[in-house]
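Pasting final10.txt here (compact mmCIF, C-alpha atoms):
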```
# COMPACT_ATOMS: atom_id res chain seq x y z
CA MET A 1465 0.00 0.00 0.00
CA ALA A 1466 2.88 2.37 0.75
CA GLN A 1467 4.13 1.92 -2.82
CA LYS A 1468 0.68 2.67 -4.24
CA TYR A 1469 0.26 5.93 -2.33
CA ASN A 1470 3.84 7.13 -2.51
CA ILE A 1471 3.06 10.04 -4.82
CA ALA A 1472 4.00 13.71 -4.75
CA ALA A 1473 1.57 15.42 -2.36
CA PRO A 1474 1.37 18.64 -0.34
CA ARG A 1475 1.67 18.63 3.45
CA TYR A 1476 -1.42 20.86 3.71
CA THR A 1477 -0.29 23.42 6.23
CA SER A 1478 -2.60 25.61 4.15
CA TYR A 1479 -5.27 25.43 1.50
CA PRO A 1480 -4.80 26.44 -1.22
CA THR A 1481 -1.17 25.36 -1.17
CA VAL A 1482 1.42 28.00 -2.05
CA PRO A 1483 2.04 26.87 -5.68
CA TYR A 1484 -1.68 27.32 -6.35
CA TRP A 1485 -2.10 30.80 -4.95
CA ASP A 1486 -3.75 33.17 -7.40
CA ASN A 1487 -1.17 35.94 -7.23
CA GLN A 1488 -2.67 37.88 -10.13
CA LEU A 1489 -5.79 38.67 -8.07
CA PHE A 1490 -3.79 39.65 -4.98
CA ASP A 1491 -2.69 43.10 -3.97
CA ILE A 1492 -1.35 44.57 -0.74
CA ASP A 1493 -4.49 46.61 -0.04
CA GLN A 1494 -6.61 43.44 -0.15
CA TRP A 1495 -4.14 41.80 2.22
CA LYS A 1496 -4.43 44.68 4.69
CA SER A 1497 -8.22 44.57 4.50
CA SER A 1498 -8.31 40.82 5.19
CA LEU A 1499 -5.83 41.31 8.00
CA ARG A 1500 -8.03 43.91 9.71
CA LYS A 1501 -11.14 41.77 9.30
CA SER A 1502 -9.53 38.71 10.88
CA PHE A 1503 -8.01 40.81 13.66
CA GLU A 1504 -11.32 42.49 14.53
CA GLU A 1505 -13.10 39.13 14.61
CA SER A 1506 -10.62 37.28 16.81
CA ASN A 1507 -8.09 39.40 18.68
CA SER A 1508 -10.11 40.13 21.81
CA GLU A 1509 -10.90 36.47 22.47
CA ASP A 1510 -8.31 34.26 20.76
CA GLY A 1511 -5.45 36.70 20.30
CA ILE A 1512 -3.00 36.34 17.41
CA SER A 1513 0.07 34.25 16.59
CA LEU A 1514 3.47 35.53 15.52
CA TYR A 1515 6.01 33.54 13.56
CA ILE A 1516 9.46 35.09 13.17
CA HIS A 1517 11.76 33.60 10.56
CA LEU A 1518 15.43 33.84 11.56
CA PRO A 1519 17.23 32.48 8.48
CA PHE A 1520 20.90 32.46 9.43
CA CYS A 1521 22.95 29.28 9.92
CA GLU A 1522 26.70 28.86 10.30
CA SER A 1523 26.74 25.79 8.04
CA LEU A 1524 24.44 24.19 5.46
CA CYS A 1525 22.53 21.09 6.54
CA THR A 1526 22.17 19.41 3.17
CA TYR A 1527 18.87 17.69 3.98
CA CYS A 1528 17.17 20.98 4.89
CA GLY A 1529 14.30 22.41 2.87
CA CYS A 1530 14.03 25.70 4.79
CA ASN A 1531 14.92 29.15 3.51
CA THR A 1532 18.36 29.80 5.02
CA ARG A 1533 21.36 32.10 4.70
CA ILE A 1534 24.71 30.50 5.49
CA THR A 1535 27.25 32.77 7.19
CA LYS A 1536 29.62 32.91 10.14
CA ASN A 1537 29.38 36.71 10.18
CA HIS A 1538 27.32 37.55 13.25
CA SER A 1539 27.26 41.26 12.44
CA VAL A 1540 24.12 40.41 10.42
CA GLU A 1541 22.12 39.89 13.62
CA GLU A 1542 21.25 43.44 14.67
CA PRO A 1543 20.32 44.84 11.22
CA TYR A 1544 18.03 41.87 10.68
CA ILE A 1545 16.32 42.25 14.06
CA ASP A 1546 15.87 45.97 13.43
CA ALA A 1547 14.18 45.12 10.11
CA VAL A 1548 11.83 42.58 11.74
CA LEU A 1549 10.80 45.14 14.35
CA GLN A 1550 10.30 47.69 11.58
CA GLU A 1551 7.99 45.23 9.81
CA TRP A 1552 6.08 44.64 13.05
CA ASP A 1553 5.61 48.41 13.47
CA LYS A 1554 3.99 48.48 10.03
CA TYR A 1555 1.52 45.81 11.10
CA LEU A 1556 0.78 47.68 14.32
CA ALA A 1557 -0.14 50.72 12.24
CA ILE A 1558 -2.67 48.63 10.28
CA LEU A 1559 -4.36 46.95 13.24
CA VAL A 1560 -7.22 48.80 14.91
CA ASP A 1561 -6.37 47.90 18.50
CA ILE A 1562 -3.55 46.62 20.69
CA PRO A 1563 -2.74 43.03 19.64
CA ILE A 1564 -3.04 40.24 22.17
CA ILE A 1565 -0.24 37.75 21.54
CA LYS A 1566 -1.19 34.12 22.10
CA GLU A 1567 1.76 32.49 20.33
CA ILE A 1568 5.27 33.45 19.38
CA HIS A 1569 7.43 30.96 17.53
CA LEU A 1570 11.02 31.57 16.48
CA GLY A 1571 11.90 29.43 13.46
CA GLY A 1572 14.70 29.25 10.96
CA GLY A 1573 17.35 28.81 9.92
CA THR A 1574 18.83 28.63 13.37
CA PRO A 1575 17.27 31.00 15.90
CA THR A 1576 20.11 30.23 18.32
CA PHE A 1577 22.53 31.61 15.72
CA PHE A 1578 21.52 34.90 17.32
CA SER A 1579 22.99 35.87 20.67
CA ALA A 1580 20.74 35.73 23.71
CA VAL A 1581 21.07 39.52 24.04
CA ASN A 1582 19.82 40.09 20.50
CA LEU A 1583 16.95 37.65 20.93
CA LYS A 1584 15.96 39.60 24.04
CA LYS A 1585 15.97 42.81 22.00
CA LEU A 1586 13.72 41.12 19.42
CA ILE A 1587 11.14 39.76 21.88
CA GLU A 1588 11.00 42.91 24.00
CA GLY A 1589 10.47 44.91 20.80
CA LEU A 1590 7.60 42.65 19.73
CA LEU A 1591 5.87 42.84 23.12
CA LYS A 1592 6.43 46.57 23.72
CA ASP A 1593 3.10 47.56 22.14
CA ALA A 1594 1.17 44.33 22.69
CA TYR A 1595 -0.39 42.34 25.52
CA PRO A 1596 0.36 38.66 26.17
CA HIS A 1597 -2.74 36.47 26.17
CA PRO A 1598 -3.50 34.77 29.53
CA ALA A 1599 -2.84 31.44 27.79
CA ALA A 1600 0.17 32.70 25.82
CA GLU A 1601 2.74 30.12 24.76
CA PHE A 1602 6.13 31.04 23.30
CA SER A 1603 8.45 28.53 21.63
CA PHE A 1604 11.69 28.44 19.68
CA GLU A 1605 13.69 26.07 17.52
CA ALA A 1606 17.30 25.41 18.47
CA HIS A 1607 20.42 23.65 17.27
CA PRO A 1608 21.71 21.50 20.16
CA ALA A 1609 25.32 22.27 19.21
CA ASN A 1610 25.04 26.04 19.67
CA THR A 1611 22.30 26.52 22.26
CA ASN A 1612 23.73 27.73 25.56
CA ALA A 1613 22.46 28.43 29.06
CA ASP A 1614 22.09 32.14 28.28
CA HIS A 1615 19.71 31.39 25.40
CA LEU A 1616 17.59 29.18 27.62
CA GLN A 1617 17.58 31.48 30.65
CA ILE A 1618 16.89 34.78 28.88
CA LEU A 1619 14.14 33.36 26.67
CA TYR A 1620 12.56 31.70 29.72
CA GLU A 1621 12.51 35.05 31.50
CA LEU A 1622 10.74 36.50 28.45
CA GLY A 1623 7.97 33.89 28.69
CA PHE A 1624 9.22 31.00 26.57
CA ARG A 1625 8.27 27.55 27.86
CA ARG A 1626 8.60 25.35 24.76
CA LEU A 1627 11.80 24.30 23.05
CA SER A 1628 12.24 22.29 19.84
CA LEU A 1629 15.58 20.62 19.15
CA GLY A 1630 16.51 19.48 15.66
CA ILE A 1631 18.18 16.07 15.96
CA GLN A 1632 17.20 14.16 12.78
CA ASP A 1633 19.43 11.11 13.55
CA PHE A 1634 22.27 10.36 15.97
CA ASP A 1635 24.03 8.01 13.50
CA PRO A 1636 27.46 9.63 12.72
CA THR A 1637 27.33 8.35 9.13
CA VAL A 1638 24.00 10.05 8.50
CA GLN A 1639 25.10 13.21 10.31
CA HIS A 1640 28.18 13.40 8.11
CA ILE A 1641 26.35 13.13 4.78
CA ILE A 1642 23.67 15.66 5.78
CA ASN A 1643 26.28 17.92 7.43
CA ARG A 1644 24.30 18.14 10.65
CA HIS A 1645 26.42 17.40 13.71
CA GLN A 1646 25.33 17.17 17.32
CA THR A 1647 26.10 14.53 19.91
CA TYR A 1648 23.82 12.75 22.31
CA GLU A 1649 25.70 14.47 25.13
CA GLN A 1650 24.96 17.93 23.69
CA VAL A 1651 21.28 17.12 23.31
CA SER A 1652 21.13 15.68 26.82
CA GLN A 1653 22.82 18.75 28.29
CA VAL A 1654 20.46 21.23 26.61
CA THR A 1655 17.44 19.11 27.55
CA GLN A 1656 18.44 18.88 31.21
CA GLN A 1657 19.32 22.58 31.42
CA ALA A 1658 15.95 23.53 29.93
CA ARG A 1659 14.07 21.32 32.39
CA GLN A 1660 16.01 22.68 35.35
CA ILE A 1661 15.21 26.25 34.28
CA GLY A 1662 11.50 25.41 34.00
CA TYR A 1663 10.65 24.63 30.37
CA ASN A 1664 7.58 22.40 30.41
CA SER A 1665 7.52 21.09 26.83
CA ILE A 1666 10.52 19.91 24.83
CA ASN A 1667 10.19 18.61 21.28
CA TYR A 1668 12.71 16.61 19.24
CA ASP A 1669 12.64 16.58 15.44
CA LEU A 1670 13.51 13.17 13.97
CA VAL A 1671 13.57 12.30 10.27
CA TYR A 1672 13.23 8.97 8.49
CA GLY A 1673 14.32 8.33 4.91
CA LEU A 1674 17.59 10.27 5.20
CA PRO A 1675 20.56 9.32 3.01
CA LEU A 1676 22.55 6.31 4.30
CA GLN A 1677 20.04 5.83 7.13
CA THR A 1678 19.79 2.23 8.36
CA MET A 1679 17.36 0.30 10.50
CA GLU A 1680 20.04 -0.30 13.13
CA GLY A 1681 20.97 3.38 13.21
CA LEU A 1682 17.36 4.51 13.55
CA ILE A 1683 16.68 2.04 16.37
CA ASN A 1684 19.77 3.27 18.22
CA THR A 1685 18.60 6.87 17.75
CA MET A 1686 15.14 6.04 19.05
CA ASN A 1687 16.57 4.30 22.11
CA GLN A 1688 18.76 7.30 22.88
CA VAL A 1689 15.81 9.64 22.46
CA ALA A 1690 13.69 7.46 24.76
CA SER A 1691 16.30 7.77 27.51
CA LEU A 1692 15.73 11.56 27.48
CA LEU A 1693 11.92 11.28 27.06
CA PRO A 1694 11.05 14.58 25.36
CA ASP A 1695 7.43 15.66 25.73
CA ARG A 1696 6.84 15.72 21.97
CA ILE A 1697 8.45 14.20 18.90
CA ALA A 1698 8.02 15.19 15.27
CA PHE A 1699 8.90 12.06 13.30
CA TYR A 1700 8.56 12.96 9.67
CA SER A 1701 9.58 11.88 6.21
CA TYR A 1702 12.66 13.39 4.59
CA ALA A 1703 11.46 15.62 1.75
CA HIS A 1704 13.77 15.18 -1.22
CA VAL A 1705 13.28 18.32 -3.32
CA PRO A 1706 16.66 19.04 -4.97
CA TRP A 1707 14.96 21.13 -7.66
CA ILE A 1708 14.11 23.57 -4.84
CA LYS A 1709 17.08 23.02 -2.50
CA PRO A 1710 20.27 22.45 -4.54
CA GLY A 1711 22.17 21.49 -1.39
CA GLN A 1712 20.38 18.14 -1.56
CA ARG A 1713 22.33 17.40 -4.74
CA LEU A 1714 25.40 16.72 -2.57
CA PHE A 1715 24.03 13.19 -2.38
CA THR A 1716 21.97 11.27 -4.91
CA GLU A 1717 18.83 9.15 -4.96
CA ARG A 1718 21.12 6.12 -4.74
CA ASP A 1719 22.01 7.20 -1.20
CA LEU A 1720 18.34 7.25 -0.17
CA PRO A 1721 16.34 4.23 1.04
CA ASP A 1722 13.83 3.04 -1.54
CA THR A 1723 10.09 3.14 -0.82
CA GLU A 1724 10.02 -0.29 0.82
CA ALA A 1725 13.05 0.42 3.03
CA LYS A 1726 11.72 3.88 3.94
CA ASN A 1727 8.36 2.38 4.87
CA LYS A 1728 10.10 -0.12 7.16
CA LEU A 1729 12.01 2.73 8.82
CA TYR A 1730 8.74 4.52 9.47
CA LYS A 1731 7.01 1.43 10.82
CA ILE A 1732 9.78 0.52 13.27
CA GLY A 1733 10.13 4.13 14.38
CA ARG A 1734 6.40 4.51 14.96
CA CYS A 1735 6.22 1.17 16.78
CA LEU A 1736 9.06 2.13 19.09
CA LEU A 1737 7.52 5.52 19.89
CA LEU A 1738 4.20 3.89 20.77
CA ASN A 1739 6.01 1.34 22.92
CA TYR A 1740 7.79 4.17 24.74
CA GLY A 1741 4.38 5.54 25.73
CA TYR A 1742 3.86 8.26 23.12
CA LYS A 1743 0.46 8.93 21.58
CA GLU A 1744 0.24 9.49 17.82
CA VAL A 1745 -1.13 12.98 17.14
CA GLY A 1746 -2.31 14.16 13.74
CA MET A 1747 0.28 13.48 11.04
CA ASP A 1748 3.96 12.84 11.89
CA HIS A 1749 3.64 13.94 15.53
CA PHE A 1750 3.84 12.03 18.80
CA ALA A 1751 3.32 13.32 22.33
CA LEU A 1752 3.30 11.96 25.84
CA PRO A 1753 -0.25 11.55 27.24
CA ALA A 1754 0.23 14.46 29.65
CA ASP A 1755 1.36 16.89 26.94
CA THR A 1756 -1.03 19.61 25.75
CA LEU A 1757 -0.82 18.32 22.18
CA SER A 1758 -2.28 14.98 23.29
CA HIS A 1759 -4.99 16.77 25.26
CA ALA A 1760 -5.83 18.90 22.21
CA GLU A 1761 -6.36 15.86 20.00
CA ASN A 1762 -8.40 14.11 22.69
CA SER A 1763 -10.68 17.13 23.06
CA GLY A 1764 -10.92 17.86 19.33
CA HIS A 1765 -9.11 21.21 19.63
CA LEU A 1766 -5.97 20.39 17.63
CA HIS A 1767 -5.07 23.22 15.24
CA ARG A 1768 -2.76 23.34 12.23
CA ASN A 1769 -1.15 26.29 10.49
CA PHE A 1770 2.12 27.18 8.78
CA MET A 1771 3.94 26.47 12.05
CA GLY A 1772 2.57 22.92 12.14
CA TYR A 1773 0.32 21.39 14.80
CA THR A 1774 -0.54 23.34 17.93
CA HIS A 1775 -3.08 23.15 20.73
CA GLN A 1776 -3.55 26.92 20.45
CA HIS A 1777 -6.19 28.18 18.06
CA THR A 1778 -5.81 31.60 16.48
CA LYS A 1779 -7.50 32.94 13.38
CA LEU A 1780 -4.65 35.31 12.54
CA LEU A 1781 -1.00 34.33 12.12
CA ILE A 1782 1.42 37.10 11.20
CA GLY A 1783 4.76 35.99 9.78
CA LEU A 1784 7.70 38.35 10.16
CA GLY A 1785 11.06 38.12 8.45
CA VAL A 1786 12.38 36.92 5.12
CA SER A 1787 10.09 34.38 3.34
CA ALA A 1788 7.69 34.26 6.32
CA ILE A 1789 4.08 33.37 5.47
CA SER A 1790 1.11 35.08 7.11
CA ASP A 1791 -2.40 33.66 7.38
CA ALA A 1792 -5.27 36.09 7.90
CA TRP A 1793 -7.77 33.24 7.39
CA TYR A 1794 -9.35 35.00 4.42
CA ALA A 1795 -5.99 35.62 2.75
CA PHE A 1796 -2.38 34.45 2.70
CA GLY A 1797 0.72 36.56 2.15
CA GLN A 1798 4.39 35.65 1.83
CA ASN A 1799 7.41 37.90 2.25
CA VAL A 1800 10.27 38.18 -0.24
CA LYS A 1801 12.73 35.29 -0.10
CA THR A 1802 16.16 36.93 0.03
CA VAL A 1803 17.63 38.85 2.92
CA GLU A 1804 18.74 41.73 0.71
CA GLU A 1805 15.26 42.24 -0.77
CA TYR A 1806 13.69 42.01 2.66
CA LEU A 1807 16.00 44.57 4.27
CA ASN A 1808 15.33 46.96 1.38
CA LEU A 1809 11.56 46.57 1.00
CA VAL A 1810 10.69 46.69 4.69
CA LYS A 1811 11.84 50.30 4.73
CA GLN A 1812 9.03 51.15 2.32
CA ASP A 1813 6.02 48.95 3.07
CA LEU A 1814 5.16 45.41 4.05
CA PRO A 1815 7.70 43.20 2.22
CA ILE A 1816 5.04 40.82 0.87
CA ILE A 1817 5.83 39.54 -2.61
CA LYS A 1818 2.86 37.25 -3.25
CA GLY A 1819 -0.38 36.05 -1.74
CA HIS A 1820 -3.87 34.69 -2.23
CA ILE A 1821 -7.39 35.90 -1.39
CA LEU A 1822 -9.53 32.87 -0.53
CA THR A 1823 -12.79 32.34 -2.40
CA GLY A 1824 -15.91 30.87 -0.81
CA GLU A 1825 -14.97 27.48 -2.27
CA ASP A 1826 -11.44 27.80 -0.89
CA LEU A 1827 -12.79 28.48 2.59
CA MET A 1828 -15.15 25.50 2.44
CA LEU A 1829 -12.43 23.11 1.27
CA ARG A 1830 -9.97 24.54 3.76
CA LYS A 1831 -12.42 23.72 6.56
CA HIS A 1832 -12.72 20.08 5.47
CA ILE A 1833 -8.96 19.65 4.91
CA ASN A 1834 -8.23 21.13 8.36
CA ASN A 1835 -10.79 18.81 9.94
CA ILE A 1836 -9.18 15.78 8.31
CA MET A 1837 -5.65 16.84 9.26
CA CYS A 1838 -6.55 17.73 12.87
CA LYS A 1839 -9.58 15.63 13.83
CA GLY A 1840 -9.44 12.68 11.47
CA TYR A 1841 -12.98 13.31 10.23
CA THR A 1842 -15.19 15.94 8.67
CA THR A 1843 -18.93 16.41 8.25
CA TRP A 1844 -21.24 18.36 5.98
CA ASP A 1845 -24.92 19.24 5.94
CA GLU A 1846 -26.78 19.49 2.66
CA PRO A 1847 -27.86 21.93 1.35
CA VAL A 1848 -26.19 24.42 3.73
CA ASP A 1849 -22.69 23.12 3.05
CA HIS A 1850 -23.22 22.30 -0.59
CA CYS A 1851 -19.99 22.59 -2.50
CA GLU A 1852 -19.49 20.80 -5.80
CA ALA A 1853 -15.74 20.51 -5.20
CA LEU A 1854 -16.41 18.65 -1.94
CA PHE A 1855 -18.46 15.98 -3.71
CA ASP A 1856 -15.90 15.75 -6.50
CA GLY A 1857 -13.37 14.97 -3.77
CA LEU A 1858 -15.60 12.32 -2.23
CA GLU A 1859 -15.85 10.69 -5.64
CA ARG A 1860 -12.04 10.61 -5.91
CA LEU A 1861 -11.87 8.92 -2.52
CA LYS A 1862 -13.76 5.80 -3.57
CA SER A 1863 -10.58 3.84 -4.27
CA LEU A 1864 -9.14 4.92 -0.89
CA GLU A 1865 -12.38 3.80 0.73
CA ASP A 1866 -12.01 0.42 -1.02
CA ASP A 1867 -8.49 0.17 0.44
CA GLY A 1868 -9.83 0.83 3.95
CA LEU A 1869 -8.26 4.28 4.43
CA VAL A 1870 -11.53 6.17 4.92
CA GLU A 1871 -15.15 5.47 5.79
CA ILE A 1872 -17.71 7.66 4.05
CA SER A 1873 -21.39 8.04 4.87
CA SER A 1874 -24.01 10.48 3.57
CA GLN A 1875 -22.78 13.33 5.78
CA GLU A 1876 -19.42 12.26 7.20
CA LEU A 1877 -15.93 11.18 6.21
CA ARG A 1878 -13.83 9.43 8.84
CA VAL A 1879 -10.17 8.42 8.56
CA THR A 1880 -9.52 4.85 9.68
CA PRO A 1881 -6.52 3.88 11.84
CA ILE A 1882 -4.81 2.59 8.68
CA GLY A 1883 -5.64 5.78 6.84
CA LYS A 1884 -3.92 8.02 9.38
CA ARG A 1885 -0.63 7.30 7.61
CA PHE A 1886 -2.10 8.65 4.37
CA LEU A 1887 -3.61 11.98 5.43
CA ARG A 1888 -1.82 13.84 2.64
CA ASN A 1889 -3.34 11.52 0.02
CA ILE A 1890 -6.81 11.84 1.55
CA CYS A 1891 -6.68 15.64 1.66
CA MET A 1892 -5.37 15.78 -1.89
CA ALA A 1893 -8.69 14.38 -3.11
CA PHE A 1894 -10.29 17.70 -2.07
CA ASP A 1895 -7.59 19.88 -3.62
CA ALA A 1896 -9.78 21.38 -6.34
CA ARG A 1897 -7.09 23.76 -7.55
CA LEU A 1898 -4.55 20.97 -8.01
CA TRP A 1899 -7.06 18.80 -9.91
CA ALA A 1900 -8.08 21.73 -12.12
CA LYS A 1901 -4.45 22.35 -13.08
CA GLN A 1902 -2.26 19.29 -12.83
CA PRO A 1903 1.41 20.24 -12.34
CA GLN A 1904 3.67 19.74 -15.35
CA SER A 1905 6.66 19.11 -13.06
CA GLN A 1906 7.02 17.85 -9.51
CA LEU A 1907 6.06 20.55 -7.01
CA PHE A 1908 5.82 18.54 -3.79
CA SER A 1909 7.77 15.91 -1.90
CA MET A 1910 6.64 12.29 -1.90
CA ALA A 1911 3.85 11.37 0.50
CA ILE A 1912 5.56 8.30 1.97
```

In C-alpha cells, write the structure found in this file.
Amino acid sequence: MAQKYNIAAPRYTSYPTVPYWDNQLFDIDQWKSSLRKSFEESNSEDGISLYIHLPFCESLCTYCGCNTRITKNHSVEEPYIDAVLQEWDKYLAILVDIPIIKEIHLGGGTPTFFSAVNLKKLIEGLLKDAYPHPAAEFSFEAHPANTNADHLQILYELGFRRLSLGIQDFDPTVQHIINRHQTYEQVSQVTQQARQIGYNSINYDLVYGLPLQTMEGLINTMNQVASLLPDRIAFYSYAHVPWIKPGQRLFTERDLPDTEAKNKLYKIGRCLLLNYGYKEVGMDHFALPADTLSHAENSGHLHRNFMGYTHQHTKLLIGLGVSAISDAWYAFGQNVKTVEEYLNLVKQDLPIIKGHILTGEDLMLRKHINNIMCKGYTTWDEPVDHCEALFDGLERLKSLEDDGLVEISSQELRVTPIGKRFLRNICMAFDARLWAKQPQSQLFSMAI
C-alpha cells in the first residue's frame, strides 16, 4: 500500500497550497483589508500568533528544505532584528487595537545563531506595544550544538516555555552526509538545562528516509531519544526536493532508502515511539499523554497552520522576516525570499511579494482539509454546506475507501486507523485547484 500511495503530495499546512495561490488577483491593499477583518473578529478572544523567521545558519545542513542564509558573520544579527521590528511596526499601524499575543514561535534557519542579548531585544520589541494572552505560549527552535544556558535562561525570563531541538538522527554516518552534527551528550545537556530552568515542553525533530540511514541506526537513535523522554516528537519523512534546494544534490537518490526500506524505517520508528508511551497525534507527531498536544487531540481542539500542529487556536497568524508566510484566514501573504530584498523593501512597506485571497470554495475546502488533518474526520450538511468541489473529492476517494483508508457516509468522512498514515493523500482528493491544473513538473515531496 505504501508503494501505491507514494506520490507527490502537499503537506497541507494551508489550503490552497502555495504553488496554487492566485497571485494575479492579490494586492497589498486586499491583504491589509483581510488582516483587519480577521483581527477584529478574533483578537479580543483568541489573540493572534506571531512567527518570526530567523534564516541564518553557520553551516548548510544538506537535507534541509528551509529558507536559510549561510554565514559565520554575526554582524548580520542586529540589522536583521531591526528590520523585523520595523515590519512589526507596520503591522501595528494597520491593526485597529492593541494586539493580544497568544503564540510566538522563532523558526529558521537557526534562531540560536543569534545571541541571547539580541533575541531579548527582538522579543521585548515585539511585546512593547502588545499584551500577552493569559494562555500565551512562546516557543523556539534550536540547534543542540550552539544553544547555551544564556539562550535558555533569557528566553525563559521572556515567557518561553517550549523548546524544539533538531536532531534528525544520531548516527554519525547520517550526520556526516547531511552535514548536521550534534552529539547525544549535547542534546542531553540542553534538555536537562531547559528542564532545570523550568521549560515544560521539549520537542525533538527526527527524520526517516535520510541518506545512508539504516534500520540499526534509527533504532539506536530512538533508544537514545527514549532515555531523554522529550514531551513531543516530530517524526517525519525526509522531503527530497533538490529542484528547490540544490544542497540536496550533494548526495543522490542512490544514497536514499527506496520506498520499501523507507516504509520499514517509518514502521519501526512509529512502533518504538508507541512502545515508549507516546500517543500518535495528527500526522507525523507524537506526544506523551500528559502533553497539551495529546490533550488537544483528545478534546478535538488540535489546530494546524504554517507552524505545524498546535493546541492553540488563532485565526490570525502574522509571519515576520524573510520568506515568512502570514495567514489572515481569508488571505495568505508571503514575504520576499532573500535577505537583501527584505532589508530593502521593509523600509518602504510590508515586504510581501505574493499572496492569495480565498474564495468561498477555498474556505469551504480549507475547513474540510483542516478537519481531516486535525480531527481525522469531517462532516457536511446538505444543502447548507453544498460545495461541488467537496463531492468531487468524495468521488475521488472511492478507491481509498475500497483500500480501507476512509469510511464515508451520507454526511461524514472518517479516517480509519490505517488511513492516518495517508492523510496527505486523503486531503489531496479535495484539492480542487490541483485537480483543475495538474502540475507539469514535480512541485511537492513524496507522501511516503

Inset, instruction - Fewer than 6 positions away in the same chain doesn't count, so skip those; otherwise give me all residues within 10 Å of Tyr1773 (chain A), counting all atoms listed in the file, as a ChimeraX atom specification. - result: /A:1477,1698,1745-1749,1757,1760,1766-1767,1837-1838

Inset, instruction - Have a look at CA of Thr1481 (chain A) and CA of Phe1886 (chain A) and let me know their distance in Å, one decimal. - result: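 If I compute the distance from CA of Thr1481 (chain A) to CA of Phe1886 (chain A), I get 17.6 Å.
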
Inset, instruction - Using only C-alpha atoms, find the one residue out of A:Ala1788, A:Val1654, A:Ala1893, A:Ile1516 that sits nearest to Ser1863 (chain A). - result: A:Ala1893

Legend entry - Distance criterion (all atoms listed in the file): nearest to His1640 (chain A) out of A:Pro1675, A:Gly1824, A:Pro1753, A:Gly1623: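 The closest residue to His1640 (chain A) is A:Pro1675.
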
Legend entry - Polymer residues at most 7 Å from Thr1574 (chain A), only C-alpha atoms, same-chain spacing of 2 or more positions, as an MDAnalysis selection string: chainID A and resid 1518:1521 1571:1572 1576:1577 1606:1607

Inset, instruction - Using CA of Asp1510 (chain A) and CA of Arg1475 (chain A) as the two end points, give the distance in Å to one decimal. - result: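 Pair CA of Asp1510 (chain A) / CA of Arg1475 (chain A) returns 25.4 Å.
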
Legend entry - Residue among A:Ala1557, A:Ile1642, A:Leu1738, A:Met1828 lying closest to Thr1526 (chain A), counting only C-alpha atoms: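 That would be A:Ile1642, the residue with the smallest distance to Thr1526 (chain A).
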
Inset, instruction - Would you mind telling me which residue in A:Tyr1806, A:Phe1503, A:Phe1624, A:Tyr1648 lies nearest to Val1560 (chain A) when using all atoms listed in the file? - result: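 Among the listed residues, the smallest separation from Val1560 (chain A) belongs to A:Phe1503.
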
Inset, instruction - List every protein, DNA or RNA residue that has an atom no more than 6 Å from (19.3, 11.0, 16.1) in the file's coordinate frame, counting all atoms listed in the file, and report them as a ChimeraX atom specification. - result: /A:1631-1634,1685

Legend entry - Point-to-point distance from CA of Ser1763 (chain A) to CA of Phe1604 (chain A), Å rounded to tenths: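 It comes out at 25.3 Å.
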
Inset, instruction - Identify, on the basis of only C-alpha atoms, every residue whose closest approach to Ala1751 (chain A) does not exceed 8 Å; exclude the query and any residue fewer than 4 positions from it along the same chain; express the result as a list in words. - result: Asp1695, Arg1696, Ile1697, Tyr1742, Lys1743, Glu1744, Val1745, Asp1755, Leu1757 and Ser1758 of chain A

Could you take the residues named above and write them with C-alpha atoms, as an mmCIF file, in the frame of the given file?
```cif
data_model
loop_
_atom_site.group_PDB
_atom_site.id
_atom_site.type_symbol
_atom_site.label_atom_id
_atom_site.label_comp_id
_atom_site.auth_asym_id
_atom_site.auth_seq_id
_atom_site.Cartn_x
_atom_site.Cartn_y
_atom_site.Cartn_z
ATOM 1 C CA ASP A 1695 7.430 15.660 25.730
ATOM 2 C CA ARG A 1696 6.840 15.720 21.970
ATOM 3 C CA ILE A 1697 8.450 14.200 18.900
ATOM 4 C CA TYR A 1742 3.860 8.260 23.120
ATOM 5 C CA LYS A 1743 0.460 8.930 21.580
ATOM 6 C CA GLU A 1744 0.240 9.490 17.820
ATOM 7 C CA VAL A 1745 -1.130 12.980 17.140
ATOM 8 C CA ASP A 1755 1.360 16.890 26.940
ATOM 9 C CA LEU A 1757 -0.820 18.320 22.180
ATOM 10 C CA SER A 1758 -2.280 14.980 23.290
#
```

Inset, instruction - Fewer than 5 positions away in the same chain doesn't count, so skip those; otherwise give me all residues within 6 Å of Ser1628 (chain A), counting all atoms listed in the file, as a list in words. - result: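 Once the nearby chain positions are removed, what remains is Glu1605, Ile1666, Asn1667 and Tyr1668 of chain A.
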
Legend entry - Neighbour residues at most 8 Å from (24.0, 13.7, 6.0) (only C-alpha atoms) as a list in words: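 Residues with an atom at most 8 Å from (24.0, 13.7, 6.0): Cys1525, Thr1526, Tyr1527, Thr1637, Val1638, Gln1639, His1640, Ile1641, Ile1642, Asn1643, Arg1644, Leu1674, Pro1675 and Leu1676 of chain A.
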
Inset, instruction - Write out as a list of chain:residue names which residues come within 7 Å of Gln1875 (chain A) when counting only C-alpha atoms, dropping same-chain ones fewer than 3 positions away. - result: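 Listing them by chain and then by number gives A:Thr1843, A:Trp1844, A:Asp1845.
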
For the selection you just gave me, I'd like the residues written to a file as a PDB file, in the frame of the given file, keeping C-alpha atoms.
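Generated output (out-v2.pdb):
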```
ATOM      1  CA  THR A1843     -18.930  16.410   8.250  1.00  0.00           C
ATOM      2  CA  TRP A1844     -21.240  18.360   5.980  1.00  0.00           C
ATOM      3  CA  ASP A1845     -24.920  19.240   5.940  1.00  0.00           C
TER       4      ASP A1845
END
```

Inset, instruction - Go through A:Asp1561, A:Glu1680, A:Asp1895, A:Asp1826 one by one, measure the shortest atom-to-atom distance of each to Lys1728 (chain A) using all atoms listed in the file, and give the residue with the smallest value. - result: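 That would be A:Glu1680, the residue with the smallest distance to Lys1728 (chain A).
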
Draw an axis-aligned box tight on the listed atoms of region 1584-1589 of chain A, then pad every side by 5 Å and write out centre and edge lengths in Å to one decimal as JSON.
```
{"center_x": 13.2, "center_y": 42.3, "center_z": 21.7, "size_x": 15.5, "size_y": 15.3, "size_z": 14.6}
```

Inset, instruction - Go through A:Met1910, A:Val1581, A:Ala1547, A:Val1671 one by one, measure the shortest atom-to-atom distance of each to Leu1616 (chain A) using only C-alpha atoms, and give the residue with the smallest value. - result: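 Looking at the shortest contact to Leu1616 (chain A), the residue is A:Val1581.
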